[in-house]
Amino acid sequence: MKTEYIISTLKLKVCTEVNVFEVLEFYQDNREYFDLYEPDKPSDFYTKEYIVKLLRAEYNAFLNGSFVRFFLYDTAISNRIIGTVSFSHILNGSVKSCTIGYKIDHEHWRLGYCRQMLNAAVRIICTEKGMHRIEAYIHPDNIPSIKTAQALNFTSEGLAYSYIKLHGSWQDMLRFVYIS
């Protein structure tokens, strides 16, 4: 699997610590939006030092084939990160499955970036890693994400009860699956 893919003006890129300030800016600018549907982060998450460690760990997981995070750029408008899609829990045995997570910069919502990014990333992971099953866990209140998953042919498998701890309490998530 490559570390960079170009699709028209879009670029999907595995970032390293040299991209620390771009990644930090992306997370800082979207903190109030992303934190609604994500587990609590360490108190030092929004620091350069933490993001460097995170990028190193993610890159090492990419090298060993257990995880990949692509950051999305639209080279026609800027060299700023506008989204991210990750594949975790990558299983390469007889199961061939993984879990997808994704988010778009709040200033780029409803402009088609998420669908383009996910279409490309799903195609890449299925083709290059041979994934058969991709699971997405989505908070029931996250209607835009649910609609995006459905538009990309993810099928609902129902409710994952008490799946994730968010803001101090265990919460249910909707489970969707894409079969290649």
# chains A, B, ... in the order shown; residues from 1 in each chain; ligands from 1
>>> residues_around(residues="range 122-128 of chain A", least_positions_apart="6", cutoff="12 Å", atoms="only C-alpha atoms", output="ChimeraX atom specification")
/A:1-7,12,65-70,85-88,90-92,96-102,114-116,134-136,149,152-154,177-180
>>> residues_around(residues="Ile104 in chain A", least_positions_apart="6", cutoff="7 Å", atoms="only C-alpha atoms", output="PyMOL selection string")
chain A and resi 82-84+114
>>> closest_residue(among="A:Thr148, A:Ser162, A:Gln28, A:Asn60", to="Asn119 in chain A", atoms="only C-alpha atoms")
A:Thr148
>>> residues_around(residues="His167 in chain A", least_positions_apart="5", cutoff="9 Å", atoms="only C-alpha atoms", output="PDB file with all heavy atoms, in the first residue's frame")
ATOM      1  N   LEU A  36     -17.768  15.670  19.942  1.00  0.00           N
ATOM      2  CA  LEU A  36     -19.139  15.248  20.233  1.00  0.00           C
ATOM      3  C   LEU A  36     -19.313  13.741  20.101  1.00  0.00           C
ATOM      4  O   LEU A  36     -20.089  13.128  20.826  1.00  0.00           O
ATOM      5  CB  LEU A  36     -20.123  15.932  19.275  1.00  0.00           C
ATOM      6  CG  LEU A  36     -20.313  17.432  19.425  1.00  0.00           C
ATOM      7  CD1 LEU A  36     -21.186  17.962  18.293  1.00  0.00           C
ATOM      8  CD2 LEU A  36     -20.933  17.750  20.778  1.00  0.00           C
ATOM      9  N   GLU A  38     -16.611  11.361  19.756  1.00  0.00           N
ATOM     10  CA  GLU A  38     -15.383  10.606  19.994  1.00  0.00           C
ATOM     11  C   GLU A  38     -15.121  10.460  21.487  1.00  0.00           C
ATOM     12  O   GLU A  38     -15.549  11.298  22.285  1.00  0.00           O
ATOM     13  CB  GLU A  38     -14.195  11.317  19.342  1.00  0.00           C
ATOM     14  CG  GLU A  38     -14.295  11.348  17.831  1.00  0.00           C
ATOM     15  CD  GLU A  38     -13.087  12.011  17.191  1.00  0.00           C
ATOM     16  OE1 GLU A  38     -12.298  12.675  17.892  1.00  0.00           O
ATOM     17  OE2 GLU A  38     -12.946  11.875  15.973  1.00  0.00           O
ATOM     18  N   PRO A  39     -14.375   9.414  21.861  1.00  0.00           N
ATOM     19  CA  PRO A  39     -14.013   9.246  23.276  1.00  0.00           C
ATOM     20  C   PRO A  39     -13.191  10.432  23.774  1.00  0.00           C
ATOM     21  O   PRO A  39     -12.570  11.150  22.985  1.00  0.00           O
ATOM     22  CB  PRO A  39     -13.156   7.977  23.280  1.00  0.00           C
ATOM     23  CG  PRO A  39     -13.418   7.303  21.988  1.00  0.00           C
ATOM     24  CD  PRO A  39     -13.841   8.365  21.013  1.00  0.00           C
ATOM     25  N   ASP A  40     -13.206  10.620  25.084  1.00  0.00           N
ATOM     26  CA  ASP A  40     -12.396  11.679  25.675  1.00  0.00           C
ATOM     27  C   ASP A  40     -10.933  11.471  25.299  1.00  0.00           C
ATOM     28  O   ASP A  40     -10.445  10.347  25.234  1.00  0.00           O
ATOM     29  CB  ASP A  40     -12.547  11.675  27.199  1.00  0.00           C
ATOM     30  CG  ASP A  40     -13.955  12.056  27.636  1.00  0.00           C
ATOM     31  OD1 ASP A  40     -14.687  12.679  26.841  1.00  0.00           O
ATOM     32  OD2 ASP A  40     -14.317  11.708  28.774  1.00  0.00           O
TER      33      ASP A  40
END
>>> select_by_dssp(residues="range 5-108 of chain A", states="alpha helix (DSSP H)", output="number ranges by chain")
A: 20-29, 31-34, 48-64
>>> select_by_dssp(residues="range 7-143 of chain A", states="strand (DSSP E)", output="PyMOL selection string")
chain A and resi 7+10-13+68-74+81-91+97-104+133-138
>>> atom_distance(atom1="CA of Asn64 in chain A", atom2="CA of Val95 in chain A")
17.7 Å
>>> closest_residue(among="A:Met131, A:Ala121, A:Leu166, A:Leu54", to="Phe71 in chain A", atoms="only C-alpha atoms")
A:Ala121
>>> closest_residue(among="A:Ala57, A:Leu24, A:Ile146, A:Ala160", to="Arg175 in chain A", atoms="only C-alpha atoms")
A:Ala160
>>> residues_around(residues="Asn19 in chain A", least_positions_apart="6", cutoff="10 Å", atoms="only C-alpha atoms", output="list in words")
Ile51, Val52, Leu55 and Ile81 of chain A
>>> atom_distance(atom1="CA of Ser94 in chain A", atom2="CA of Gly158 in chain A")
23.9 Å
>>> closest_residue(among="A:Ala120, A:Leu111, A:Val23, A:Ala61", to="Asn79 in chain A", atoms="only C-alpha atoms")
A:Val23
>>> residues_around(residues="Leu174 in chain A", least_positions_apart="2", cutoff="8 Å", atoms="only C-alpha atoms", output="PyMOL selection string")
chain A and resi 137-140+156-160+172+176
>>> atom_distance(atom1="CA of Ala151 in chain A", atom2="CA of Leu118 in chain A")
10.7 Å
